[in-house]
Protein chains: 2
Amino acid sequence: MVDILHRVGVQTSSPEKVYDALTTVEGLAGWWTDDTSGSADVGGVLQFRFPPGGFDMEVVDRRASEHVAWKVVDGPEEWVGTTVDWELRQDGDYTIVLFRHQGWREPVEFMHHCSTKWATYLMSLKQLVETGEGAPAPRDVHVAFPD
Amino acid sequence: MVDILHRVGVQTSSPEKVYDALTTVEGLAGWWTDDTSGSADVGGVLQFRFPPGGFDMEVVDRRASEHVAWKVVDGPEEWVGTTVDWELRQDGDYTIVLFRHQGWREPVEFMHHCSTKWATYLMSLKQLVETGEGAPAPRDVHVAFPD
């Protein structure tokens with residue numbers, strides 16, 4: 001089992017602001033993909049759609065301004081059953097976001113791609129909270145093709 | 001043991017061009033850090049310096065336009081003894097770069113940071129080869145603080 005790990009610091013923010021961007025359809029649509037729908041409550045399922053496909057995530061945990069966790073219930077075969085975990089805390093002027101996409105069965109080439117792509121989406125989340133404008137799909141940063 | 005994995009596709013490039021950016025002091029200075037020196041031959045040591053510190057990498061393998069590997073011989077404690085591995089291949093109009101920073105002893109918070117930061121440097125490498133201008137330190141993309 002191998003994991004994708006990332007960390008960003010969101011400047012002049014608060015854990016509440018980042019938490020909102022992770023737990024509302026509007027917030028998620030502002031940094032990950034325009035085409036976000038569903039329920040962000042615990043037990044609900046969020047649908048994220050991109051030009052090449054999409055993911056359905058069951059919300060398995062949310063603790064205000066501290067923690068969010070999703071389980072992938074539909075999407076690419078390599079993703080189904082994996083979990084996406086977000087930890088938030090304040091450190092001075094920065095909200096620290098610790099990200100883990102856990103439970104990949106093998107370090108396949110697609111996992112390498114997803115790791116780089118997650119980094120660009122975390123930068124989009126940072127940018128959304130810092131400036132009010134992220135870079136969600138289909139206006140996302142391209143790291144290769146098709147992505 | 002946990003690894004950082006990434007993948008980018010460099011457009012309208014060739015494995016030779018990316019290989020040059022990984023195996024010459026001038027190339028490395030164009031995307032990772034201005035302050036690069038040393039020998040890029042097998043058995044040589046490259047010195048990469050950044051405002052907060054640096055890394056010394058022994059070149060342990062290079063095969064023209066296919067593979068480059070470094071071993072970290074000096075730098076932050078968590079990095080020493082780890083290896084950085086680059087695989088290159090052509091796929092249509094893209095040179096695919098598979099990156100692995102292997103042998104981390106623990107998935108510490110610093111590893112999360114380095115994973116995101118490596119992604120931004122790989123995007124800098126892509127940008128250097130595609131446009132002639134990367135974003136090496138000290139003009140690098142900031143993902144948190146201090147970085």
# chains A, B, ... in the order shown; residues from 1 in each chain; ligands from 1
>>> select_by_dssp(residues="stretch 21-75 of chain B", states="helix (DSSP H, G or I)", output="VMD selection string")
chain B and resid 21 to 23 25 to 29
>>> interface_residues(of="chain B", to="chain A", cutoff="12 Å", atoms="only C-alpha atoms", output="ChimeraX atom specification")
/B:1-12,87,91-102,106-127,141-147
>>> residues_around(residues="stretch 23-30 of chain B", least_positions_apart="6", cutoff="8 Å", atoms="only C-alpha atoms", output="PyMOL selection string")
chain B and resi 36-41+68+125+128+133-136
>>> residues_around(residues="stretch 56-65 of chain B", least_positions_apart="2", cutoff="8 Å", atoms="only C-alpha atoms", output="PyMOL selection string")
chain B and resi 15-16+18-19+40-48+54+67-75+88-89
>>> atom_distance(atom1="atom CA of A:Trp104", atom2="atom CA of A:Asp85")
13.3 Å
>>> atom_distance(atom1="atom CA of B:Asp35", atom2="atom CA of B:Phe50")
7.0 Å
